[in-house]
$ cat run_11.cif   # mmCIF, C-alpha atoms
data_work
loop_
_atom_site.label_atom_id
_atom_site.label_comp_id
_atom_site.auth_asym_id
_atom_site.auth_seq_id
_atom_site.Cartn_x
_atom_site.Cartn_y
_atom_site.Cartn_z
CA MET A 938 0.00 0.00 0.00
CA ASN A 939 1.24 3.52 -0.81
CA LYS A 940 2.81 4.58 2.51
CA LYS A 941 1.88 8.27 2.38
CA ASN A 942 -1.72 7.57 1.45
CA SER A 943 -1.91 4.72 3.99
CA ALA A 944 -0.92 7.07 6.80
CA TYR A 945 -3.41 9.61 5.50
CA LEU A 946 -6.26 7.12 5.42
CA LEU A 947 -5.68 5.95 8.97
CA THR A 948 -6.04 9.52 10.24
CA ALA A 949 -8.90 10.56 7.96
CA LEU A 950 -11.54 8.04 9.02
CA ALA A 951 -13.27 10.29 11.53
CA ALA A 952 -14.58 12.35 8.64
CA ALA A 953 -16.88 9.66 7.29
CA VAL A 954 -20.30 10.83 8.42
CA ILE A 955 -23.36 11.86 6.53
CA SER A 956 -26.81 13.25 7.28
CA ALA A 957 -29.34 10.82 8.68
CA PRO A 958 -32.63 10.17 6.90
CA ALA A 959 -35.07 12.95 7.66
CA SER A 960 -37.67 12.31 10.35
CA ALA A 961 -40.34 14.47 11.92
CA ALA A 962 -38.64 17.01 14.14
CA ILE A 963 -40.04 17.87 17.56
CA THR A 964 -41.27 21.48 17.68
CA LEU A 965 -40.10 23.17 20.86
CA TYR A 966 -41.40 26.69 20.11
CA GLU A 967 -43.83 28.16 17.60
CA GLN A 968 -45.09 31.70 18.02
CA ASN A 969 -45.28 34.98 16.07
CA GLY A 970 -43.84 33.42 12.91
CA VAL A 971 -40.85 31.91 14.74
CA THR A 972 -40.28 28.14 15.03
CA PHE A 973 -37.61 26.19 16.88
CA SER A 974 -37.35 22.40 16.60
CA THR A 975 -34.98 19.54 17.27
CA ASP A 976 -34.23 16.22 15.58
CA GLY A 977 -31.82 13.44 16.40
CA TYR A 978 -30.44 10.02 15.57
CA ILE A 979 -28.95 7.37 17.88
CA ASN A 980 -27.71 3.93 16.83
CA ALA A 981 -25.52 1.07 18.02
CA PHE A 982 -24.54 -2.23 16.38
CA TYR A 983 -23.19 -5.55 17.56
CA VAL A 984 -20.64 -6.41 14.86
CA GLN A 985 -18.68 -9.56 14.00
CA THR A 986 -16.00 -9.06 11.31
CA ASP A 987 -13.93 -11.83 9.71
CA THR A 988 -10.83 -10.47 7.92
CA ASP A 989 -8.75 -12.45 5.42
CA ASN A 990 -5.68 -10.36 4.54
CA ILE A 991 -2.81 -10.90 2.10
CA ASP A 992 -0.67 -10.63 5.23
CA ASP A 993 -1.69 -13.73 7.20
CA THR A 994 -0.60 -12.16 10.49
CA LEU A 995 -3.54 -9.72 10.17
CA ASP A 996 -6.24 -12.38 9.76
CA ARG A 997 -8.72 -12.33 12.65
CA ASP A 998 -12.37 -12.51 13.72
CA GLN A 999 -13.10 -9.22 15.50
CA SER A 1000 -16.12 -8.53 17.72
CA ARG A 1001 -17.28 -4.92 18.27
CA VAL A 1002 -20.10 -2.80 19.66
CA LYS A 1003 -20.12 0.51 17.79
CA MET A 1004 -21.99 2.91 15.51
CA GLY A 1005 -23.05 2.10 11.98
CA PHE A 1006 -22.51 4.21 8.86
CA LEU A 1007 -24.37 7.14 10.43
CA PRO A 1008 -23.01 8.58 13.67
CA ASN A 1009 -25.21 9.77 16.49
CA TYR A 1010 -26.29 13.39 16.33
CA ILE A 1011 -28.69 16.01 17.62
CA GLY A 1012 -29.82 18.88 15.42
CA PHE A 1013 -31.58 22.21 16.01
CA ASN A 1014 -33.61 24.17 13.46
CA VAL A 1015 -34.81 27.78 13.54
CA GLY A 1016 -37.25 29.47 11.16
CA LYS A 1017 -38.67 32.97 10.95
CA ASP A 1018 -41.36 34.18 8.54
CA MET A 1019 -40.70 37.80 7.56
CA GLY A 1020 -43.32 38.17 4.86
CA ASN A 1021 -41.41 38.32 1.58
CA LEU A 1022 -38.46 36.46 3.12
CA GLN A 1023 -38.19 33.25 5.09
CA LEU A 1024 -35.09 33.01 7.25
CA GLY A 1025 -33.82 29.71 8.59
CA ALA A 1026 -30.84 28.14 10.31
CA ARG A 1027 -29.59 24.67 11.23
CA SER A 1028 -26.87 23.34 13.48
CA SER A 1029 -26.12 19.65 14.08
CA PHE A 1030 -23.69 18.10 16.53
CA TRP A 1031 -22.30 14.64 15.75
CA VAL A 1032 -20.79 12.30 18.34
CA THR A 1033 -19.05 8.93 18.46
CA ILE A 1034 -19.94 6.34 21.10
CA ASN A 1035 -16.60 4.50 21.30
CA ASP A 1036 -14.00 5.84 23.68
CA SER A 1037 -10.26 5.50 23.09
CA GLU A 1038 -8.03 2.77 24.50
CA THR A 1039 -5.23 5.35 24.76
CA LYS A 1040 -7.16 8.49 25.76
CA GLY A 1041 -9.97 7.12 27.90
CA THR A 1042 -13.21 9.07 27.48
CA ALA A 1043 -12.25 10.54 24.12
CA THR A 1044 -15.71 10.75 22.55
CA ASP A 1045 -15.55 13.22 19.67
CA ILE A 1046 -18.09 15.97 19.00
CA ASP A 1047 -18.18 17.46 15.50
CA VAL A 1048 -20.32 20.20 13.96
CA ARG A 1049 -21.19 18.97 10.47
CA GLN A 1050 -23.85 21.58 9.74
CA PHE A 1051 -23.96 25.22 10.79
CA TYR A 1052 -25.72 27.36 8.23
CA GLY A 1053 -28.41 29.94 7.60
CA THR A 1054 -30.89 30.16 4.72
CA ILE A 1055 -32.64 33.06 3.02
CA GLY A 1056 -35.66 32.00 0.98
CA SER A 1057 -38.36 33.55 -1.16
CA SER A 1058 -40.30 32.91 -4.38
CA TRP A 1059 -37.01 33.15 -6.31
CA GLY A 1060 -35.44 30.23 -4.41
CA GLU A 1061 -33.08 29.89 -1.47
CA VAL A 1062 -29.53 30.92 -0.59
CA LEU A 1063 -27.56 28.89 1.97
CA VAL A 1064 -24.57 30.43 3.75
CA GLY A 1065 -22.35 28.52 6.16
CA LYS A 1066 -21.28 24.90 6.50
CA ASP A 1067 -23.17 22.02 4.92
CA PHE A 1068 -22.54 18.89 2.85
CA GLY A 1069 -21.23 19.50 -0.67
CA LEU A 1070 -23.20 19.13 -3.90
CA PHE A 1071 -20.92 16.73 -5.78
CA ALA A 1072 -21.97 13.13 -4.93
CA ARG A 1073 -24.63 14.50 -2.57
CA SER A 1074 -27.66 12.66 -3.95
CA ASN A 1075 -25.53 9.56 -4.63
CA ILE A 1076 -25.17 9.08 -0.90
CA PHE A 1077 -28.45 10.59 0.33
CA VAL A 1078 -30.55 7.97 -1.52
CA ASP A 1079 -28.36 5.02 -0.43
CA GLU A 1080 -30.66 2.21 0.77
CA PHE A 1081 -28.12 1.36 3.50
CA LEU A 1082 -27.77 4.78 5.14
CA ALA A 1083 -29.18 3.38 8.38
CA GLY A 1084 -27.07 0.23 8.05
CA TYR A 1085 -23.43 -0.63 8.62
CA GLY A 1086 -21.55 -1.13 5.34
CA GLN A 1087 -17.93 -1.84 4.53
CA VAL A 1088 -15.13 -1.81 7.13
CA SER A 1089 -11.93 -2.31 5.16
CA ASP A 1090 -9.12 -3.37 7.48
CA THR A 1091 -6.61 -1.89 5.02
CA LEU A 1092 -8.24 1.50 5.68
CA GLY A 1093 -8.10 0.88 9.44
CA LEU A 1094 -11.88 0.60 9.84
CA VAL A 1095 -12.22 -2.74 11.66
CA ASP A 1096 -10.55 -1.35 14.80
CA PHE A 1097 -11.62 2.27 14.28
CA GLY A 1098 -13.60 4.00 17.02
CA GLY A 1099 -15.79 6.02 14.69
CA VAL A 1100 -18.26 5.12 11.98
CA SER A 1101 -18.04 2.40 9.35
CA PHE A 1102 -17.78 3.49 5.71
CA GLY A 1103 -21.15 2.43 4.27
CA ASN A 1104 -20.50 2.61 0.51
CA ILE A 1105 -17.85 5.32 0.65
CA GLY A 1106 -15.03 4.11 -1.58
CA THR A 1107 -17.25 1.42 -3.11
CA GLY A 1108 -19.63 3.46 -5.23
CA TYR A 1109 -19.20 7.13 -4.33
CA PRO A 1110 -16.90 9.59 -2.51
CA TYR A 1111 -18.12 11.33 0.63
CA PRO A 1112 -19.50 14.89 -0.01
CA PHE A 1113 -17.53 16.44 2.83
CA PRO A 1114 -19.19 19.30 4.78
CA THR A 1115 -17.56 22.55 3.79
CA ALA A 1116 -17.93 26.34 3.98
CA GLN A 1117 -20.10 27.45 1.08
CA ILE A 1118 -22.50 29.93 -0.47
CA THR A 1119 -25.11 27.96 -2.42
CA TYR A 1120 -28.23 28.92 -4.38
CA ARG A 1121 -31.16 26.55 -4.89
CA SER A 1122 -33.93 27.35 -7.34
CA PRO A 1123 -37.61 26.66 -6.74
CA VAL A 1124 -38.89 23.34 -8.10
CA MET A 1125 -39.94 24.02 -11.69
CA SER A 1126 -41.88 21.24 -13.48
CA GLY A 1127 -40.00 18.70 -11.37
CA PHE A 1128 -36.56 20.27 -11.95
CA ARG A 1129 -34.41 21.95 -9.33
CA VAL A 1130 -30.98 23.50 -9.75
CA ALA A 1131 -28.37 24.05 -7.04
CA ALA A 1132 -25.07 25.86 -7.62
CA GLY A 1133 -22.49 27.02 -5.13
CA ILE A 1134 -18.97 28.21 -4.44
CA MET A 1135 -17.06 26.13 -1.89
CA ASP A 1136 -13.93 26.80 0.11
CA PRO A 1137 -11.18 25.31 -2.12
CA VAL A 1138 -8.67 22.71 -0.93
CA ASP A 1139 -5.00 21.99 -1.62
CA THR A 1140 -4.53 19.23 -4.19
CA THR A 1141 -0.99 20.22 -5.22
CA GLN A 1142 2.13 19.97 -3.10
CA ASP A 1143 2.36 22.25 -0.07
CA ASP A 1144 5.99 22.17 1.02
CA PRO A 1145 8.12 25.25 1.91
CA ALA A 1146 11.08 23.65 0.11
CA THR A 1147 9.24 23.38 -3.22
CA GLY A 1148 6.46 25.95 -3.06
CA LYS A 1149 3.14 26.90 -1.50
CA ALA A 1150 -0.14 25.50 -2.80
CA TYR A 1151 -2.87 28.06 -3.52
CA GLN A 1152 -6.15 28.57 -5.40
CA ASP A 1153 -7.06 31.88 -7.04
CA SER A 1154 -10.73 30.90 -7.41
CA PRO A 1155 -13.16 28.86 -5.29
CA ARG A 1156 -14.30 25.32 -5.92
CA PHE A 1157 -17.49 25.24 -7.99
CA GLU A 1158 -20.14 22.59 -7.41
CA SER A 1159 -23.64 22.13 -8.81
CA GLU A 1160 -26.51 19.66 -8.95
CA LEU A 1161 -29.57 19.27 -11.15
CA THR A 1162 -32.39 17.05 -9.86
CA TYR A 1163 -35.62 15.93 -11.51
CA GLN A 1164 -38.57 14.24 -9.85
CA ILE A 1165 -41.80 13.01 -11.45
CA ASP A 1166 -44.62 10.54 -10.91
CA LEU A 1167 -44.97 8.46 -14.07
CA GLY A 1168 -47.42 5.59 -14.57
CA GLY A 1169 -47.64 4.79 -10.89
CA ALA A 1170 -43.86 5.03 -10.42
CA GLN A 1171 -41.99 7.75 -8.54
CA LEU A 1172 -38.81 8.70 -10.39
CA PHE A 1173 -35.95 10.76 -8.95
CA SER A 1174 -32.83 11.48 -11.02
CA TRP A 1175 -29.80 13.71 -10.58
CA LEU A 1176 -26.62 15.03 -12.14
CA ASN A 1177 -23.97 16.76 -10.04
CA GLY A 1178 -20.43 17.98 -10.55
CA THR A 1179 -17.38 19.74 -9.16
CA TYR A 1180 -14.45 21.71 -10.57
CA GLN A 1181 -11.36 23.28 -9.01
CA ASN A 1182 -7.92 24.42 -10.14
CA SER A 1183 -5.09 24.25 -7.59
CA LYS A 1184 -1.76 25.97 -8.27
CA ASN A 1185 1.64 26.28 -6.61
CA THR A 1186 4.13 29.11 -6.15
CA GLY A 1187 7.00 26.76 -7.07
CA ASP A 1188 8.00 26.55 -10.74
CA THR A 1189 8.59 22.79 -10.52
CA ILE A 1190 5.04 21.96 -9.37
CA ASP A 1191 2.31 21.66 -11.97
CA SER A 1192 -1.18 23.00 -11.35
CA LEU A 1193 -3.94 20.41 -10.99
CA LYS A 1194 -7.45 20.62 -12.36
CA SER A 1195 -9.83 18.52 -10.27
CA LYS A 1196 -13.19 17.67 -11.77
CA GLY A 1197 -15.92 15.13 -11.13
CA LEU A 1198 -19.37 14.11 -12.35
CA GLY A 1199 -21.99 12.23 -10.34
CA TYR A 1200 -25.28 10.83 -11.60
CA GLY A 1201 -28.09 8.45 -10.77
CA ILE A 1202 -31.74 7.50 -10.86
CA GLN A 1203 -34.13 5.96 -8.35
CA ALA A 1204 -37.48 4.43 -9.24
CA LYS A 1205 -40.10 3.44 -6.68
CA PHE A 1206 -43.02 1.20 -7.60
CA GLY A 1207 -45.22 0.85 -4.54
CA PRO A 1208 -43.22 -1.31 -2.08
CA ALA A 1209 -40.34 -1.85 -4.55
CA SER A 1210 -37.39 0.45 -5.19
CA LEU A 1211 -34.48 0.32 -7.67
CA THR A 1212 -31.48 2.67 -7.57
CA ALA A 1213 -28.48 3.04 -9.90
CA SER A 1214 -25.80 5.68 -9.41
CA GLY A 1215 -22.20 6.38 -10.33
CA PHE A 1216 -19.39 8.91 -10.56
CA ASP A 1217 -16.39 9.68 -12.75
CA ALA A 1218 -13.58 11.90 -11.50
CA GLN A 1219 -10.06 13.13 -12.27
CA GLY A 1220 -7.60 14.71 -9.85
CA LEU A 1221 -9.98 14.00 -6.97
CA ASN A 1222 -9.68 11.93 -3.82
CA PRO A 1223 -11.89 8.84 -4.47
CA LEU A 1224 -12.89 8.71 -0.78
CA PHE A 1225 -13.38 12.33 0.34
CA THR A 1226 -14.35 15.26 -1.91
CA ASN A 1227 -12.36 17.79 0.11
CA ASN A 1228 -9.01 15.90 0.05
CA PHE A 1229 -8.71 15.74 3.84
CA THR A 1230 -5.07 16.01 5.10
CA GLN A 1231 -3.94 17.05 1.58
CA PRO A 1232 -2.46 13.88 0.07
CA LEU A 1233 -0.89 14.44 -3.36
CA LEU A 1234 -3.46 13.54 -5.99
CA SER A 1235 -1.70 14.07 -9.33
CA ASP A 1236 -4.08 13.24 -12.19
CA PHE A 1237 -5.51 10.13 -10.52
CA ASP A 1238 -8.65 8.89 -12.24
CA SER A 1239 -11.41 7.18 -10.32
CA LYS A 1240 -14.91 6.01 -11.11
CA GLY A 1241 -17.53 3.94 -9.40
CA HIS A 1242 -21.09 2.69 -9.45
CA LEU A 1243 -23.70 1.50 -6.97
CA LEU A 1244 -26.68 -0.74 -7.76
CA GLN A 1245 -29.40 -1.32 -5.15
CA GLY A 1246 -32.89 -2.72 -4.84
CA SER A 1247 -35.36 -3.04 -2.00
CA TYR A 1248 -38.83 -4.38 -1.25
CA THR A 1249 -40.98 -3.55 1.76
CA PHE A 1250 -43.16 -6.21 3.40
CA GLY A 1251 -45.40 -4.44 5.87
CA LYS A 1252 -42.97 -2.85 8.33
CA THR A 1253 -39.88 -4.73 7.07
CA ARG A 1254 -37.67 -3.63 4.19
CA LEU A 1255 -35.32 -6.09 2.46
CA ALA A 1256 -32.45 -4.36 0.63
CA LEU A 1257 -29.67 -5.61 -1.66
CA SER A 1258 -26.60 -3.63 -2.68
CA MET A 1259 -23.54 -3.99 -4.91
CA GLY A 1260 -20.95 -1.24 -5.33
CA LYS A 1261 -17.49 -0.76 -6.78
CA THR A 1262 -14.88 1.98 -7.09
CA LYS A 1263 -11.94 1.79 -9.50
CA ASP A 1264 -8.85 3.86 -8.68
CA ASP A 1265 -5.77 4.14 -10.89
CA GLY A 1266 -3.17 5.03 -8.26
CA PHE A 1267 -4.37 6.87 -5.16
CA LEU A 1268 -4.79 3.96 -2.77
CA LEU A 1269 -2.15 1.38 -3.73
CA GLY A 1270 0.07 3.43 -6.04
CA ASP A 1271 -1.36 1.50 -9.02
CA LYS A 1272 -4.71 0.28 -10.29
CA ALA A 1273 -7.02 -0.92 -7.52
CA GLU A 1274 -10.66 -1.89 -7.05
CA MET A 1275 -12.77 -1.79 -3.91
CA GLU A 1276 -16.05 -3.69 -4.01
CA THR A 1277 -18.91 -4.45 -1.62
CA ARG A 1278 -21.94 -6.73 -1.69
CA ALA A 1279 -24.59 -6.46 1.03
CA ILE A 1280 -28.00 -7.69 2.12
CA GLY A 1281 -29.95 -5.96 4.87
CA LEU A 1282 -33.23 -6.18 6.77
CA PHE A 1283 -34.70 -2.99 8.26
CA HIS A 1284 -37.72 -3.53 10.53
CA ALA A 1285 -39.63 -0.39 11.59
CA VAL A 1286 -41.10 -1.15 15.00
CA ASN A 1287 -42.66 2.32 14.80
CA ASP A 1288 -41.82 5.75 13.34
CA ASN A 1289 -38.96 6.24 15.80
CA LEU A 1290 -37.46 2.77 16.29
CA THR A 1291 -35.83 0.53 13.67
CA LEU A 1292 -34.08 -2.84 14.03
CA VAL A 1293 -31.34 -3.65 11.51
CA ALA A 1294 -29.62 -6.87 10.42
CA GLU A 1295 -26.94 -6.73 7.69
CA TYR A 1296 -24.38 -8.97 6.02
CA ASN A 1297 -21.59 -7.25 4.06
CA GLN A 1298 -18.70 -8.55 1.94
CA PHE A 1299 -15.76 -6.27 1.06
CA GLU A 1300 -12.88 -6.94 -1.34
CA LEU A 1301 -9.80 -4.90 -2.18
CA GLU A 1302 -7.98 -5.94 -5.35
CA ASP A 1303 -4.54 -4.91 -6.65
CA LYS A 1304 -5.48 -5.05 -10.34
CA ALA A 1305 -2.00 -4.24 -11.62
CA ASN A 1306 -0.46 -7.28 -9.91
CA ARG A 1307 -3.63 -9.42 -9.86
CA LEU A 1308 -3.56 -9.76 -6.07
CA THR A 1309 -6.38 -9.85 -3.53
CA ILE A 1310 -5.23 -7.54 -0.75
CA GLU A 1311 -8.18 -8.13 1.55
CA GLU A 1312 -11.49 -9.98 1.89
CA THR A 1313 -13.67 -8.98 4.84
CA ASP A 1314 -17.06 -10.38 5.87
CA THR A 1315 -19.21 -8.50 8.39
CA ILE A 1316 -22.40 -9.35 10.24
CA ALA A 1317 -24.03 -6.37 11.99
CA LEU A 1318 -27.13 -6.30 14.23
CA GLY A 1319 -28.29 -2.84 15.23
CA VAL A 1320 -30.89 -0.64 16.89
CA VAL A 1321 -31.75 2.84 15.56
CA VAL A 1322 -33.69 5.47 17.53
CA ASN A 1323 -34.57 8.71 15.76
CA TRP A 1324 -36.89 11.68 16.09
#
$ encode --input "run_11.cif" --output "structure tokens"
Amino acid sequence: MNKKNSAYLLTALAAAVISAPASAAITLYEQNGVTFSTDGYINAFYVQTDTDNIDDTLDRDQSRVKMGFLPNYIGFNVGKDMGNLQLGARSSFWVTINDSETKGTATDIDVRQFYGTIGSSWGEVLVGKDFGLFARSNIFVDEFLAGYGQVSDTLGLVDFGGVSFGNIGTGYPYPFPTAQITYRSPVMSGFRVAAGIMDPVDTTQDDPATGKAYQDSPRFESELTYQIDLGGAQLFSWLNGTYQNSKNTGDTIDSLKSKGLGYGIQAKFGPASLTASGFDAQGLNPLFTNNFTQPLLSDFDSKGHLLQGSYTFGKTRLALSMGKTKDDGFLLGDKAEMETRAIGLFHAVNDNLTLVAEYNQFELEDKANRLTIEETDTIALGVVVNW
């Protein structure tokens, strides 16, 4: 494994969180056009992971009690009707439930959302910190958001104290929360457009001996969504993208254009649902859209896809998933593939309590040398409480 990127990955795992599925918030105050509400999500899984590694000394059957793909969080929402304008704000605080063997009670608290909105008949402007637009719908419609997902031991996830990775790295990159100014149009004949400027990130070398990385323009991201009811089916489709140019003050360092395209469609037919999504990127981190800890990216290409289906029987939903990401040099220094296959049962006891059972298979392949680096099988049994 590429040593620099390996060290990066082992320190970057705490970033893998995403917004929980929306549920009815509890209104705490509503008077004179002002509302204040709260929502939250709590989950824990009993997990048994069997790892078969190319290095036999790493093979083991590990038992854990930890969070799933979604961390635990509590969120607060504020709204104020001012006639021609509607003002809003959201903050959400995300926590882990596993303490550290070296630091004791080292539960982390992160603020993943802290933004305000200004809305009217012309649309809405968001200012502050929120999830990005590139790969946003790819992950938001994932059938296994409330599940567990892949825990690659090569990425340090089996023993990690934070979340699992869901389908990050095996179908889509994570749309990292970032500072932004984003406009969203009203829904027009099923279409909605979102476009924003994001705080740019270093993708070129940042070393005083060779030069300082910089960006003379922000990162641009956008998403077009379309939703329609057609012949008894509910269709939701999307197209999103990102573009950034990172430069360097040193003459020996080339600039790097980072660009990516995400896409997908979901069709619901009564109790059945089918989802297909994918992405294609160049000069982008295939795991995190904001290049956390600034590993050198060069012109690495990556692409992935995710295919899912589900069927709901009364209060129980059966879901199947298969995802893959191809990477031409970021992870192993040469061509690699990460792939997952999963089956899950989600039983809604009521609107606020869900029981989860999931089986997940993960494989990491060194395609250049035709080697299987890792095969990991995971059984996860969980409880989800949300409001």
$ resolve_selection --input "run_11.cif" --expression "the PyMOL selection byres ((chain A and resi 1162) around 9)" --output "MDAnalysis selection string"
chainID A and resid 1074 1127:1131 1160:1161 1163:1164 1173:1177
$ closest_residue --input "run_11.cif" --among "A:Ala1213, A:Val1322, A:Leu1269, A:Val1286" --to "Lys1304 (chain A)" --atoms "all atoms listed in the file"
A:Leu1269
$ resolve_selection --input "run_11.cif" --expression "the PyMOL selection byres ((chain A and resi 1059) around 12)" --output "PDB file with C-alpha atoms, in the frame of the given file"
ATOM      1  CA  ASN A1021     -41.410  38.320   1.580  1.00  0.00           C
ATOM      2  CA  LEU A1022     -38.460  36.460   3.120  1.00  0.00           C
ATOM      3  CA  GLN A1023     -38.190  33.250   5.090  1.00  0.00           C
ATOM      4  CA  ILE A1055     -32.640  33.060   3.020  1.00  0.00           C
ATOM      5  CA  GLY A1056     -35.660  32.000   0.980  1.00  0.00           C
ATOM      6  CA  SER A1057     -38.360  33.550  -1.160  1.00  0.00           C
ATOM      7  CA  SER A1058     -40.300  32.910  -4.380  1.00  0.00           C
ATOM      8  CA  GLY A1060     -35.440  30.230  -4.410  1.00  0.00           C
ATOM      9  CA  GLU A1061     -33.080  29.890  -1.470  1.00  0.00           C
ATOM     10  CA  VAL A1062     -29.530  30.920  -0.590  1.00  0.00           C
ATOM     11  CA  TYR A1120     -28.230  28.920  -4.380  1.00  0.00           C
ATOM     12  CA  ARG A1121     -31.160  26.550  -4.890  1.00  0.00           C
ATOM     13  CA  SER A1122     -33.930  27.350  -7.340  1.00  0.00           C
ATOM     14  CA  PRO A1123     -37.610  26.660  -6.740  1.00  0.00           C
ATOM     15  CA  VAL A1124     -38.890  23.340  -8.100  1.00  0.00           C
ATOM     16  CA  MET A1125     -39.940  24.020 -11.690  1.00  0.00           C
ATOM     17  CA  ARG A1129     -34.410  21.950  -9.330  1.00  0.00           C
ATOM     18  CA  VAL A1130     -30.980  23.500  -9.750  1.00  0.00           C
TER      19      VAL A1130
END
$ closest_residue --input "run_11.cif" --among "A:Tyr983, A:Phe1283, A:Phe1051, A:Phe1068" --to "Lys1252 (chain A)" --atoms "only C-alpha atoms"
A:Phe1283
$ closest_residue --input "run_11.cif" --among "A:Lys1194, A:Lys1184, A:Arg1156, A:Lys1263" --to "Gln1142 (chain A)" --atoms "all atoms listed in the file"
A:Lys1184
$ residues_around --input "run_11.cif" --residues "region 1002-1006 of chain A" --least-positions-apart "5" --cutoff "9 Å" --atoms "all atoms listed in the file" --output "PyMOL selection string"
chain A and resi 953-955+979-985+1033-1035+1081-1087+1098-1104+1317+1319
$ residues_around --input "run_11.cif" --residues "Leu1224 (chain A)" --least-positions-apart "3" --cutoff "9 Å" --atoms "only C-alpha atoms" --output "VMD selection string"
chain A and resid 1105 to 1107 1109 to 1111 1221 1228
$ residues_around --input "run_11.cif" --residues "Leu1290 (chain A)" --least-positions-apart "5" --cutoff "9 Å" --atoms "all atoms listed in the file" --output "list in words"
His1284, Ala1285, Val1320, Val1321, Val1322, Asn1323 and Trp1324 of chain A
$ resolve_selection --input "run_11.cif" --expression "the PyMOL selection byres ((chain A and resi 1113) around 12)" --output "JSON list (two decimals) with C-alpha atoms, keeping the file's coordinate frame"
[["chain", "number", "residue", "atom", "x", "y", "z"],
["A", 949, "ALA", "CA", -8.90, 10.56, 7.96],
["A", 951, "ALA", "CA", -13.27, 10.29, 11.53],
["A", 952, "ALA", "CA", -14.58, 12.35, 8.64],
["A", 953, "ALA", "CA", -16.88, 9.66, 7.29],
["A", 954, "VAL", "CA", -20.30, 10.83, 8.42],
["A", 955, "ILE", "CA", -23.36, 11.86, 6.53],
["A", 956, "SER", "CA", -26.81, 13.25, 7.28],
["A", 1049, "ARG", "CA", -21.19, 18.97, 10.47],
["A", 1050, "GLN", "CA", -23.85, 21.58, 9.74],
["A", 1066, "LYS", "CA", -21.28, 24.90, 6.50],
["A", 1067, "ASP", "CA", -23.17, 22.02, 4.92],
["A", 1068, "PHE", "CA", -22.54, 18.89, 2.85],
["A", 1069, "GLY", "CA", -21.23, 19.50, -0.67],
["A", 1070, "LEU", "CA", -23.20, 19.13, -3.90],
["A", 1071, "PHE", "CA", -20.92, 16.73, -5.78],
["A", 1072, "ALA", "CA", -21.97, 13.13, -4.93],
["A", 1073, "ARG", "CA", -24.63, 14.50, -2.57],
["A", 1076, "ILE", "CA", -25.17, 9.08, -0.90],
["A", 1105, "ILE", "CA", -17.85, 5.32, 0.65],
["A", 1109, "TYR", "CA", -19.20, 7.13, -4.33],
["A", 1110, "PRO", "CA", -16.90, 9.59, -2.51],
["A", 1111, "TYR", "CA", -18.12, 11.33, 0.63],
["A", 1112, "PRO", "CA", -19.50, 14.89, -0.01],
["A", 1114, "PRO", "CA", -19.19, 19.30, 4.78],
["A", 1115, "THR", "CA", -17.56, 22.55, 3.79],
["A", 1116, "ALA", "CA", -17.93, 26.34, 3.98],
["A", 1117, "GLN", "CA", -20.10, 27.45, 1.08],
["A", 1135, "MET", "CA", -17.06, 26.13, -1.89],
["A", 1136, "ASP", "CA", -13.93, 26.80, 0.11],
["A", 1137, "PRO", "CA", -11.18, 25.31, -2.12],
["A", 1138, "VAL", "CA", -8.67, 22.71, -0.93],
["A", 1222, "ASN", "CA", -9.68, 11.93, -3.82],
["A", 1223, "PRO", "CA", -11.89, 8.84, -4.47],
["A", 1224, "LEU", "CA", -12.89, 8.71, -0.78],
["A", 1225, "PHE", "CA", -13.38, 12.33, 0.34],
["A", 1226, "THR", "CA", -14.35, 15.26, -1.91],
["A", 1227, "ASN", "CA", -12.36, 17.79, 0.11],
["A", 1228, "ASN", "CA", -9.01, 15.90, 0.05],
["A", 1229, "PHE", "CA", -8.71, 15.74, 3.84]]
$ atom_distance --input "run_11.cif" --atom1 "CA of Ala1026 (chain A)" --atom2 "CA of Thr1054 (chain A)"
5.9 Å
